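Peer 1: Data: entry_11.cif, mmCIF, C-alpha atoms.
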```cif
data_final
loop_
_atom_site.label_atom_id
_atom_site.label_comp_id
_atom_site.auth_asym_id
_atom_site.auth_seq_id
_atom_site.Cartn_x
_atom_site.Cartn_y
_atom_site.Cartn_z
CA MET A 109 0.00 0.00 0.00
CA ILE A 110 2.87 2.39 0.79
CA ALA A 111 4.31 1.80 -2.69
CA ILE A 112 0.96 2.64 -4.27
CA LEU A 113 0.51 5.83 -2.23
CA LEU A 114 4.11 6.89 -2.92
CA SER A 115 3.66 6.39 -6.65
CA SER A 116 0.57 8.60 -6.67
CA GLY A 117 2.06 11.24 -4.37
CA VAL A 118 5.27 11.66 -6.33
CA ALA A 119 3.39 11.82 -9.64
CA LEU A 120 1.07 14.45 -8.15
CA LEU A 121 3.94 16.66 -7.06
CA VAL A 122 5.78 16.31 -10.38
CA ALA A 123 2.66 17.26 -12.35
CA LEU A 124 1.58 20.03 -9.99
CA PHE A 125 4.92 21.84 -9.99
CA GLY A 126 6.20 20.68 -13.36
CA THR A 127 3.19 21.84 -15.39
CA PRO A 128 3.72 25.62 -14.88
CA LEU A 129 7.37 25.20 -15.88
CA PHE A 130 6.28 23.39 -19.03
CA ILE A 131 3.69 26.11 -19.71
CA ARG A 132 6.44 28.75 -19.62
CA PHE A 133 8.53 26.70 -22.02
CA LEU A 134 5.61 26.31 -24.45
CA VAL A 135 4.68 30.00 -24.27
CA HIS A 136 8.31 30.97 -24.91
CA ARG A 137 8.32 28.70 -27.96
CA ASN A 138 4.86 29.89 -29.03
CA TYR A 139 3.53 26.32 -29.05
CA GLY A 140 -0.20 27.00 -28.85
CA GLN A 141 -3.43 25.16 -29.63
CA PHE A 142 -5.13 25.48 -33.01
CA VAL A 143 -8.92 25.38 -32.92
CA ARG A 144 -11.04 23.60 -35.55
CA GLN A 145 -13.09 26.07 -37.56
CA ASP A 146 -16.25 23.94 -37.49
CA GLY A 147 -16.29 23.71 -33.67
CA PRO A 148 -18.24 25.88 -31.20
CA THR A 149 -17.43 29.55 -31.73
CA ALA A 150 -16.81 29.98 -28.00
CA HIS A 151 -13.66 27.88 -28.44
CA PHE A 152 -11.99 30.45 -30.70
CA THR A 153 -10.82 32.30 -27.59
CA LYS A 154 -8.80 29.20 -26.65
CA ARG A 155 -6.59 29.52 -29.70
CA GLY A 156 -2.98 29.88 -28.68
CA THR A 157 -3.36 28.14 -25.30
CA PRO A 158 -0.28 25.95 -24.72
CA THR A 159 -0.85 22.31 -25.70
CA MET A 160 1.08 19.01 -25.51
CA GLY A 161 0.49 18.95 -21.74
CA GLY A 162 0.34 15.18 -21.99
CA VAL A 163 4.13 15.29 -21.82
CA VAL A 164 3.82 16.26 -18.15
CA ILE A 165 1.27 13.51 -17.46
CA ILE A 166 3.54 10.86 -18.99
CA ALA A 167 6.67 12.18 -17.27
CA ALA A 168 4.94 12.41 -13.88
CA THR A 169 3.62 8.87 -14.23
CA LEU A 170 7.06 7.49 -15.10
CA VAL A 171 8.73 9.35 -12.23
CA GLY A 172 6.01 8.23 -9.80
CA VAL A 173 6.41 4.56 -10.72
CA ALA A 174 10.23 4.84 -10.66
CA ALA A 175 10.17 6.44 -7.20
CA SER A 176 7.88 3.72 -5.88
CA MET A 177 10.13 0.98 -7.21
CA LEU A 178 13.25 2.71 -5.89
CA VAL A 179 11.89 2.96 -2.36
CA SER A 180 10.63 -0.64 -2.56
CA GLU A 181 14.11 -1.67 -3.73
CA ARG A 182 12.86 -3.78 -6.60
CA LEU A 183 12.56 -3.65 -10.35
CA PRO A 184 9.19 -3.07 -12.05
CA SER A 185 7.45 -6.17 -13.31
CA VAL A 186 6.93 -6.95 -16.98
CA SER A 187 3.25 -6.00 -16.63
CA ALA A 188 4.14 -2.53 -15.33
CA LEU A 189 6.70 -2.02 -18.09
CA LEU A 190 4.20 -3.09 -20.75
CA ALA A 191 1.53 -0.71 -19.43
CA LEU A 192 4.04 2.16 -19.35
CA TYR A 193 5.33 1.22 -22.81
CA LEU A 194 1.84 1.37 -24.27
CA MET A 195 1.13 4.68 -22.54
CA THR A 196 4.44 6.26 -23.59
CA GLY A 197 4.41 4.83 -27.10
CA LEU A 198 0.97 6.16 -27.93
CA GLY A 199 1.86 9.41 -26.19
CA LEU A 200 4.80 9.74 -28.59
CA VAL A 201 2.46 9.29 -31.56
CA GLY A 202 0.22 11.98 -30.09
CA PHE A 203 3.21 14.24 -29.49
CA LEU A 204 4.24 13.98 -33.15
CA ASP A 205 0.66 14.79 -34.11
CA ASP A 206 0.54 17.84 -31.83
CA PHE A 207 3.96 19.03 -32.95
CA THR A 208 2.95 18.73 -36.61
CA LYS A 209 -0.09 20.91 -35.96
CA ILE A 210 2.09 23.57 -34.37
CA ARG A 211 4.83 23.40 -37.00
CA LYS A 212 2.40 23.57 -39.92
CA GLN A 213 0.13 26.12 -38.20
CA ARG A 214 -3.06 24.13 -38.71
CA SER A 215 -5.60 22.09 -36.68
CA LEU A 216 -4.72 18.84 -38.51
CA GLY A 217 -1.57 16.98 -37.53
CA LEU A 218 -0.18 13.69 -38.79
CA THR A 219 -1.78 12.04 -41.80
CA ALA A 220 -4.19 9.18 -41.15
CA ARG A 221 -1.65 6.72 -42.56
CA ALA A 222 1.13 7.97 -40.28
CA LYS A 223 -1.12 7.70 -37.24
CA ILE A 224 -2.20 4.18 -38.15
CA VAL A 225 1.39 3.07 -38.67
CA GLY A 226 2.53 4.59 -35.37
CA GLN A 227 -0.36 3.26 -33.32
CA GLY A 228 -0.18 -0.09 -35.10
CA PHE A 229 3.50 -0.57 -34.31
CA VAL A 230 3.02 0.21 -30.63
CA GLY A 231 -0.17 -1.82 -30.34
CA ILE A 232 1.07 -4.91 -32.16
CA SER A 233 4.37 -5.01 -30.29
CA PHE A 234 2.52 -4.60 -26.98
CA ALA A 235 0.11 -7.43 -27.79
CA VAL A 236 2.87 -9.85 -28.84
CA LEU A 237 5.02 -9.08 -25.80
CA ALA A 238 2.05 -9.36 -23.43
CA LEU A 239 1.76 -13.07 -24.19
CA GLN A 240 5.42 -13.71 -23.40
CA PHE A 241 7.42 -13.68 -20.14
CA PRO A 242 5.73 -16.36 -18.02
CA ASN A 243 6.63 -16.08 -14.33
CA ALA A 244 7.41 -18.87 -11.88
CA SER A 245 3.69 -19.73 -11.79
CA ASN A 246 3.65 -19.90 -15.61
CA ARG A 247 1.43 -16.82 -15.87
CA THR A 248 1.98 -14.34 -18.70
CA PRO A 249 0.99 -10.65 -18.42
CA ALA A 250 -2.00 -11.13 -20.74
CA SER A 251 -4.20 -14.03 -21.81
CA THR A 252 -5.77 -15.10 -25.09
CA LYS A 253 -9.09 -15.45 -23.25
CA ILE A 254 -11.63 -12.65 -23.49
CA SER A 255 -12.09 -11.20 -20.02
CA PHE A 256 -14.95 -9.51 -18.18
CA LEU A 257 -14.37 -9.51 -14.42
CA ARG A 258 -11.73 -12.17 -14.98
CA ASP A 259 -10.91 -14.49 -17.87
CA THR A 260 -14.00 -16.09 -19.44
CA ASN A 261 -14.23 -19.40 -21.27
CA ILE A 262 -14.00 -17.65 -24.64
CA ASP A 263 -10.46 -18.45 -25.76
CA LEU A 264 -9.05 -16.87 -28.92
CA ALA A 265 -6.58 -19.74 -29.11
CA PHE A 266 -9.37 -22.25 -29.82
CA ALA A 267 -7.67 -23.25 -33.09
CA GLY A 268 -4.10 -23.30 -31.86
CA THR A 269 -1.39 -20.99 -30.54
CA THR A 270 -0.68 -19.21 -33.83
CA ILE A 271 -4.32 -18.40 -34.54
CA GLY A 272 -4.71 -17.36 -30.92
CA LEU A 273 -1.81 -14.94 -31.19
CA ILE A 274 -3.18 -13.38 -34.38
CA LEU A 275 -6.68 -13.00 -32.97
CA PHE A 276 -5.34 -11.59 -29.70
CA VAL A 277 -3.28 -8.99 -31.56
CA ILE A 278 -6.43 -7.94 -33.45
CA TRP A 279 -8.51 -7.86 -30.25
CA ALA A 280 -5.90 -5.96 -28.25
CA ASN A 281 -5.44 -3.38 -31.00
CA PHE A 282 -9.18 -2.91 -31.25
CA LEU A 283 -9.25 -2.08 -27.53
CA ILE A 284 -6.21 0.18 -27.80
CA THR A 285 -7.67 2.10 -30.75
CA ALA A 286 -11.11 2.32 -29.13
CA TRP A 287 -9.88 3.69 -25.81
CA SER A 288 -7.40 6.08 -27.43
CA ASN A 289 -10.13 7.56 -29.60
CA ALA A 290 -12.55 7.64 -26.67
CA VAL A 291 -10.27 9.76 -24.50
CA ASN A 292 -9.33 11.88 -27.50
CA LEU A 293 -12.99 12.66 -28.27
CA THR A 294 -13.68 13.44 -24.61
CA ASP A 295 -10.85 15.96 -24.51
CA GLY A 296 -13.01 18.78 -25.86
CA LEU A 297 -13.69 20.93 -22.80
CA ASP A 298 -11.35 22.25 -20.12
CA GLY A 299 -10.64 19.48 -17.60
CA LEU A 300 -13.25 17.05 -18.95
CA ALA A 301 -10.95 14.21 -20.04
CA THR A 302 -8.57 14.76 -17.13
CA GLY A 303 -11.29 14.62 -14.47
CA THR A 304 -12.95 11.63 -16.09
CA SER A 305 -9.60 9.84 -16.17
CA LEU A 306 -9.23 10.45 -12.43
CA ALA A 307 -12.39 8.45 -11.74
CA VAL A 308 -11.50 5.65 -14.15
CA PHE A 309 -7.89 5.14 -13.08
CA GLY A 310 -8.88 5.55 -9.43
CA ALA A 311 -11.16 2.56 -9.90
CA TYR A 312 -8.28 0.59 -11.38
CA VAL A 313 -6.17 1.31 -8.32
CA LEU A 314 -8.85 -0.44 -6.26
CA VAL A 315 -9.08 -3.28 -8.78
CA GLY A 316 -5.34 -3.86 -8.53
CA ILE A 317 -5.35 -3.81 -4.71
CA TRP A 318 -8.26 -6.25 -4.53
CA GLN A 319 -6.69 -8.60 -7.08
CA LEU A 320 -3.45 -8.52 -5.10
CA ASN A 321 -5.23 -9.48 -1.88
CA GLN A 322 -7.11 -12.28 -3.66
CA SER A 323 -4.33 -13.43 -5.96
CA CYS A 324 -4.07 -17.12 -6.87
CA GLN A 325 -0.31 -16.75 -6.48
CA ARG A 326 -0.73 -16.09 -2.74
CA LEU A 327 -1.51 -19.72 -2.07
CA VAL A 328 -2.09 -19.34 1.67
CA ALA A 329 -4.69 -16.59 1.32
CA ALA A 330 -6.11 -17.54 -2.07
CA GLY A 331 -9.82 -18.29 -2.13
CA PRO A 332 -11.87 -20.33 -4.60
CA ARG A 333 -12.40 -17.27 -6.80
CA CYS A 334 -8.84 -15.95 -6.77
CA TYR A 335 -7.48 -13.84 -9.63
CA GLU A 336 -5.00 -15.11 -12.21
CA VAL A 337 -3.47 -11.67 -12.86
CA ARG A 338 0.33 -11.85 -13.06
CA ASP A 339 1.34 -8.57 -11.37
CA PRO A 340 -1.67 -6.88 -9.73
CA GLN A 341 0.37 -4.76 -7.31
CA ASP A 342 2.44 -3.16 -10.05
CA LEU A 343 -0.66 -2.48 -12.12
CA ALA A 344 -2.14 -0.70 -9.10
CA ILE A 345 1.08 1.31 -8.79
CA VAL A 346 0.87 2.36 -12.44
CA ALA A 347 -2.81 3.29 -12.11
CA ALA A 348 -2.06 5.28 -8.94
CA ALA A 349 0.73 7.17 -10.70
CA VAL A 350 -1.67 8.11 -13.51
CA VAL A 351 -4.19 9.32 -10.91
CA GLY A 352 -1.57 11.52 -9.26
CA ALA A 353 -0.36 12.85 -12.61
CA CYS A 354 -3.91 13.70 -13.72
CA LEU A 355 -4.73 15.34 -10.41
CA GLY A 356 -1.67 17.59 -10.56
CA PHE A 357 -2.31 18.41 -14.20
CA LEU A 358 -6.00 19.17 -13.54
CA TRP A 359 -4.97 22.07 -11.28
CA TRP A 360 -3.79 23.86 -14.43
CA ASN A 361 -6.16 22.22 -16.94
CA ALA A 362 -9.40 23.12 -15.15
CA SER A 363 -11.47 25.94 -16.66
CA PRO A 364 -10.10 28.31 -17.76
CA ALA A 365 -7.34 25.95 -18.86
CA LYS A 366 -3.79 27.25 -18.79
CA ILE A 367 -2.70 24.23 -20.84
CA PHE A 368 -4.29 21.41 -22.87
CA MET A 369 -3.16 17.80 -22.78
CA GLY A 370 -3.40 17.54 -26.58
CA ASP A 371 -3.24 14.26 -28.46
CA THR A 372 -0.08 13.58 -26.47
CA GLY A 373 -2.14 13.19 -23.33
CA SER A 374 -5.35 11.74 -24.72
CA LEU A 375 -3.64 8.95 -26.66
CA ALA A 376 -1.36 8.20 -23.69
CA LEU A 377 -4.28 7.97 -21.25
CA GLY A 378 -6.28 5.87 -23.69
CA GLY A 379 -3.32 3.54 -24.09
CA ALA A 380 -2.84 3.27 -20.33
CA LEU A 381 -6.52 2.40 -19.86
CA ALA A 382 -6.42 -0.22 -22.61
CA GLY A 383 -3.23 -1.69 -21.16
CA LEU A 384 -4.61 -1.90 -17.62
CA SER A 385 -7.84 -3.53 -18.82
CA ILE A 386 -5.93 -6.18 -20.79
CA LEU A 387 -3.28 -6.89 -18.17
CA SER A 388 -5.76 -6.97 -15.27
CA ARG A 389 -8.09 -9.28 -17.22
CA THR A 390 -11.02 -6.79 -17.07
CA GLU A 391 -11.43 -5.91 -20.75
CA ILE A 392 -15.25 -5.78 -20.79
CA LEU A 393 -15.53 -4.33 -17.28
CA ALA A 394 -13.48 -1.35 -18.49
CA ALA A 395 -16.39 -0.35 -20.73
CA ILE A 396 -18.52 0.05 -17.58
CA ILE A 397 -15.86 1.75 -15.46
CA GLY A 398 -15.14 4.12 -18.36
CA GLY A 399 -18.81 4.41 -19.29
CA LEU A 400 -18.68 8.15 -19.95
CA PHE A 401 -15.93 7.63 -22.53
CA VAL A 402 -18.13 5.00 -24.19
CA ILE A 403 -21.18 7.30 -24.28
CA ILE A 404 -19.18 10.09 -25.89
CA VAL A 405 -17.86 7.72 -28.57
CA LEU A 406 -21.35 6.38 -29.22
CA SER A 407 -22.70 9.92 -29.63
CA ASP A 408 -20.15 10.52 -32.38
CA ILE A 409 -20.93 7.21 -34.09
CA ILE A 410 -24.69 7.86 -33.92
CA GLN A 411 -24.28 11.36 -35.31
CA ILE A 412 -22.17 10.24 -38.26
CA GLY A 413 -24.20 7.10 -39.01
CA PHE A 414 -27.59 8.82 -38.81
CA PHE A 415 -26.42 11.72 -40.96
CA LYS A 416 -25.12 9.39 -43.66
CA MET A 417 -28.43 7.54 -43.74
CA THR A 418 -30.86 10.47 -43.49
CA ARG A 419 -28.78 13.64 -44.03
CA ARG A 420 -30.15 14.78 -40.68
CA ARG A 421 -28.45 15.19 -37.30
CA VAL A 422 -29.41 13.70 -33.95
CA PHE A 423 -27.32 16.16 -31.94
CA LYS A 424 -26.59 19.82 -32.58
CA MET A 425 -22.93 18.82 -32.65
CA ALA A 426 -20.98 15.71 -31.74
CA PRO A 427 -19.38 14.59 -29.49
CA LEU A 428 -22.09 14.88 -26.87
CA HIS A 429 -20.56 17.63 -24.72
CA HIS A 430 -20.64 20.01 -27.70
CA HIS A 431 -24.37 19.33 -28.09
CA PHE A 432 -25.00 20.61 -24.58
CA GLU A 433 -22.63 23.50 -25.16
CA LEU A 434 -24.66 24.65 -28.16
CA SER A 435 -27.83 24.09 -26.13
CA GLY A 436 -26.75 26.89 -23.80
CA TRP A 437 -25.09 24.98 -20.98
CA GLY A 438 -22.02 26.63 -19.50
CA GLU A 439 -18.71 24.84 -20.00
CA VAL A 440 -18.07 24.40 -16.29
CA THR A 441 -21.60 23.06 -15.76
CA ILE A 442 -21.12 20.43 -18.49
CA VAL A 443 -17.74 19.37 -17.17
CA ILE A 444 -18.87 18.99 -13.55
CA ARG A 445 -22.00 17.07 -14.49
CA PHE A 446 -20.03 14.79 -16.78
CA TRP A 447 -17.52 14.22 -13.96
CA LEU A 448 -20.42 13.10 -11.76
CA ILE A 449 -21.59 10.70 -14.46
CA ALA A 450 -18.03 9.38 -14.85
CA GLY A 451 -17.85 8.81 -11.08
CA LEU A 452 -21.16 6.93 -11.12
CA PHE A 453 -19.96 4.65 -13.92
CA ALA A 454 -16.70 3.97 -12.08
CA ALA A 455 -18.66 3.17 -8.90
CA LEU A 456 -21.02 0.91 -10.86
CA GLY A 457 -18.11 -0.97 -12.37
CA MET A 458 -16.48 -1.43 -8.97
CA GLY A 459 -19.79 -2.58 -7.51
CA ILE A 460 -20.14 -5.25 -10.19
CA PHE A 461 -16.52 -6.28 -9.74
CA TYR A 462 -16.92 -6.71 -5.98
CA ALA A 463 -20.40 -8.26 -6.15
CA GLU A 464 -19.14 -11.04 -8.46
CA TRP A 465 -16.54 -12.04 -5.88
CA VAL A 466 -19.01 -11.88 -2.96
CA VAL A 467 -21.67 -13.94 -4.75
CA SER A 468 -19.06 -16.48 -5.80
#
```
Can the structure in the file be given as structure tokens, please?
Peer 2:
Amino acid sequence: MIAILLSSGVALLVALFGTPLFIRFLVHRNYGQFVRQDGPTAHFTKRGTPTMGGVVIIAATLVGVAASMLVSERLPSVSALLALYLMTGLGLVGFLDDFTKIRKQRSLGLTARAKIVGQGFVGISFAVLALQFPNASNRTPASTKISFLRDTNIDLAFAGTTIGLILFVIWANFLITAWSNAVNLTDGLDGLATGTSLAVFGAYVLVGIWQLNQSCQRLVAAGPRCYEVRDPQDLAIVAAAVVGACLGFLWWNASPAKIFMGDTGSLALGGALAGLSILSRTEILAAIIGGLFVIIVLSDIIQIGFFKMTRRRVFKMAPLHHHFELSGWGEVTIVIRFWLIAGLFAALGMGIFYAEWVVS
């Protein structure tokens, strides 16, 4: 528990005091946000606000985890390294996208092909590595089985190891792409994605702690419904570091935002969420814990699909938070109410997670 608290505390301090320093650097370099012309007109005033704040979130997370491991006098597990690799790798793709926008003075960054190649390389390498490195109990960081609250009986390796690996790579990359886009779409109002991430990753801290206490690898304490997760403690440490980093960053990202996380932050947080869901064997549960992210993605899909079929719109603008913005809701009102919804989804997910164990 001390390692988890230390990870979060160090990440909080790094983000809280490191963000204003990064803001000064960005302002000095004139690295500001470019606003899409078809967005809400109220957002035009945000043009020029420093972006790429995700760099601070990633750095704070890495420092928080490193500090926790240093004090614990041990090396991070493969699961922790894989989660951090996915977060940092996608963050790098987002950074290149943000930097391209700034350099070319436009609201569009990398080409679609470049983004796909970058995300594909990180996602595929993560998926392949996640099925390697069995520990002394012969448990690998990830499993070819589809998971809900734990691994189900649906095994992607039903036709052999090779087919299982291919299908797992496809499944893992679907999750990685989905969560990256979900956080990216949610990052449309000051503090919205950051605050929502606090609730989601906070829930994953609790998931990791509970899985550690009920781990099948702790043979003396293991119950009949123990968890097969390889490194639950280190996953909790990573999730706690992300919570601390987001909390420190939110101090400066809350309305009116002094800095935006940019694609650097949204892709990194989406990658971290996808990684934690895969490595903690809670892939489907993540859709409940991160329910607000899912709703915002669905609003965009519904808007596009319905318009293509009928040439009419369901919402005044998608994603959903822009619909309420154009309906006259204040930005702060939308953000706070969406935070409450995000907290309710996280609580619902945790309730289901705990109830399954109690009933069992």
Peer 1: What's around Ala454 in chain A at 8 Å? Count only C-alpha atoms, leave out sequence neighbours fewer than 5 positions away in its own chain, and write the answer as a list in words.
Peer 2: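 Neighbouring residues, sequence-local ones excluded: Ala307, Val308, Ala311, Ile396, Ile397, Gly398 and Gly399 of chain A.
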Peer 1: Kindly export the residues of the current selection with C-alpha atoms, as an mmCIF file, in the coordinates of the input.
Peer 2:
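What follows is the written file selection02.cif:
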```cif
data_model
loop_
_atom_site.group_PDB
_atom_site.id
_atom_site.type_symbol
_atom_site.label_atom_id
_atom_site.label_comp_id
_atom_site.auth_asym_id
_atom_site.auth_seq_id
_atom_site.Cartn_x
_atom_site.Cartn_y
_atom_site.Cartn_z
ATOM 1 C CA ALA A 307 -12.390 8.450 -11.740
ATOM 2 C CA VAL A 308 -11.500 5.650 -14.150
ATOM 3 C CA ALA A 311 -11.160 2.560 -9.900
ATOM 4 C CA ILE A 396 -18.520 0.050 -17.580
ATOM 5 C CA ILE A 397 -15.860 1.750 -15.460
ATOM 6 C CA GLY A 398 -15.140 4.120 -18.360
ATOM 7 C CA GLY A 399 -18.810 4.410 -19.290
#
```
Peer 1: If I take CA of Thr390 in chain A and CA of Leu377 in chain A, how far is one from the other in Å, to one decimal?
Peer 2: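 Between these atoms lies a distance of 16.8 Å.
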Peer 1: Could you jot down the CA of Ile317 in chain A to CA of Met109 in chain A separation for me, Å, one decimal place?
Peer 2: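 According to the coordinates, CA of Ile317 in chain A and CA of Met109 in chain A are separated by 8.1 Å.
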Peer 1: Within 10 Å of Tyr139 in chain A, counting only C-alpha atoms, which residues qualify if same-chain residues fewer than 5 places away don't, as a PyMOL selection string?
Peer 2: chain A and resi 131+133-134+156-160+206-207+209-211+213
Peer 1: Using all atoms listed in the file and a cutoff of 8 Å, can you tell me which residues are near (-0.8, 11.7, -18.4) in the file's coordinates, and write them out as a PyMOL selection string?
Peer 2: chain A and resi 162-169+350+353-354+369+373-374+376-377
Peer 1: Could the residues in this selection be saved with C-alpha atoms as a PDB file, in the coordinates of the input?
Peer 2:
```pdb
ATOM      1  CA  GLY A 162       0.340  15.180 -21.990  1.00  0.00           C
ATOM      2  CA  VAL A 163       4.130  15.290 -21.820  1.00  0.00           C
ATOM      3  CA  VAL A 164       3.820  16.260 -18.150  1.00  0.00           C
ATOM      4  CA  ILE A 165       1.270  13.510 -17.460  1.00  0.00           C
ATOM      5  CA  ILE A 166       3.540  10.860 -18.990  1.00  0.00           C
ATOM      6  CA  ALA A 167       6.670  12.180 -17.270  1.00  0.00           C
ATOM      7  CA  ALA A 168       4.940  12.410 -13.880  1.00  0.00           C
ATOM      8  CA  THR A 169       3.620   8.870 -14.230  1.00  0.00           C
ATOM      9  CA  VAL A 350      -1.670   8.110 -13.510  1.00  0.00           C
ATOM     10  CA  ALA A 353      -0.360  12.850 -12.610  1.00  0.00           C
ATOM     11  CA  CYS A 354      -3.910  13.700 -13.720  1.00  0.00           C
ATOM     12  CA  MET A 369      -3.160  17.800 -22.780  1.00  0.00           C
ATOM     13  CA  GLY A 373      -2.140  13.190 -23.330  1.00  0.00           C
ATOM     14  CA  SER A 374      -5.350  11.740 -24.720  1.00  0.00           C
ATOM     15  CA  ALA A 376      -1.360   8.200 -23.690  1.00  0.00           C
ATOM     16  CA  LEU A 377      -4.280   7.970 -21.250  1.00  0.00           C
TER      17      LEU A 377
END
```
Peer 1: If you measure from CA of Thr196 in chain A to CA of Gly352 in chain A, what distance in Å do you get, rounded to one decimal?
Peer 2: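 Between these atoms lies a distance of 16.4 Å.
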Peer 1: Could you make a table, as CSV, of the residues of range 397-418 of chain A that have an atom within 10 Å of an atom of range 286-297 of chain A, each with its nearest atom pair and distance in Å to one decimal, counting all atoms listed in the file, in chain and number order?
Peer 2:
```
residue,atom,partner,partner_atom,distance
A:Gly398,CA,A:Trp287,CA,9.1
A:Leu400,CA,A:Thr294,CA,8.6
A:Phe401,CA,A:Ala290,CA,5.3
A:Val402,CA,A:Ala290,CA,6.7
A:Ile403,CA,A:Ala290,CA,9.0
A:Ile404,CA,A:Thr294,CA,6.6
A:Val405,CA,A:Ala290,CA,5.6
A:Leu406,CA,A:Ala290,CA,9.2
A:Asp408,CA,A:Leu293,CA,8.5
```
Peer 1: I need the residue set behind the PyMOL selection byres ((chain A and resi 117) around 12) for this file; please write it as number ranges by chain.
Peer 2: A: 110-116, 118-124, 168-169, 171-173, 175-176, 345, 348-356
Peer 1: With the input short on atoms, add all heavy atoms back to range 456-461 of chain A and write it as a short mmCIF file (atom, residue, chain, number, x, y, z; two decimals), in the frame of the given file.
Peer 2:
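Once written, selection34.cif looks like this:
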```cif
data_model
loop_
_atom_site.label_atom_id
_atom_site.label_comp_id
_atom_site.auth_asym_id
_atom_site.auth_seq_id
_atom_site.Cartn_x
_atom_site.Cartn_y
_atom_site.Cartn_z
N LEU A 456 -20.24 2.04 -10.38
CA LEU A 456 -21.02 0.91 -10.86
C LEU A 456 -20.11 -0.25 -11.25
O LEU A 456 -20.36 -1.41 -10.89
CB LEU A 456 -21.87 1.33 -12.05
CG LEU A 456 -22.65 0.21 -12.76
CD1 LEU A 456 -23.67 -0.42 -11.80
CD2 LEU A 456 -23.36 0.76 -14.00
N GLY A 457 -19.05 0.07 -11.97
CA GLY A 457 -18.11 -0.97 -12.37
C GLY A 457 -17.47 -1.65 -11.18
O GLY A 457 -17.35 -2.88 -11.14
N MET A 458 -17.08 -0.86 -10.17
CA MET A 458 -16.48 -1.43 -8.97
C MET A 458 -17.50 -2.26 -8.19
O MET A 458 -17.15 -3.29 -7.59
CB MET A 458 -15.93 -0.32 -8.08
CG MET A 458 -14.69 0.36 -8.63
SD MET A 458 -13.38 -0.83 -9.01
CE MET A 458 -13.17 -1.63 -7.42
N GLY A 459 -18.74 -1.82 -8.19
CA GLY A 459 -19.79 -2.58 -7.51
C GLY A 459 -19.98 -3.94 -8.15
O GLY A 459 -20.11 -4.96 -7.46
N ILE A 460 -20.01 -3.98 -9.47
CA ILE A 460 -20.14 -5.25 -10.19
C ILE A 460 -18.93 -6.14 -9.94
O ILE A 460 -19.06 -7.36 -9.72
CB ILE A 460 -20.31 -4.99 -11.70
CG1 ILE A 460 -21.64 -4.27 -11.97
CG2 ILE A 460 -20.25 -6.30 -12.49
CD1 ILE A 460 -21.81 -3.81 -13.39
N PHE A 461 -17.76 -5.54 -9.96
CA PHE A 461 -16.52 -6.28 -9.74
C PHE A 461 -16.52 -6.94 -8.36
O PHE A 461 -16.19 -8.12 -8.21
CB PHE A 461 -15.33 -5.32 -9.86
CG PHE A 461 -13.99 -5.93 -9.60
CD1 PHE A 461 -13.38 -6.75 -10.54
CD2 PHE A 461 -13.32 -5.69 -8.41
CE1 PHE A 461 -12.14 -7.33 -10.30
CE2 PHE A 461 -12.08 -6.24 -8.15
CZ PHE A 461 -11.48 -7.06 -9.11
#
```
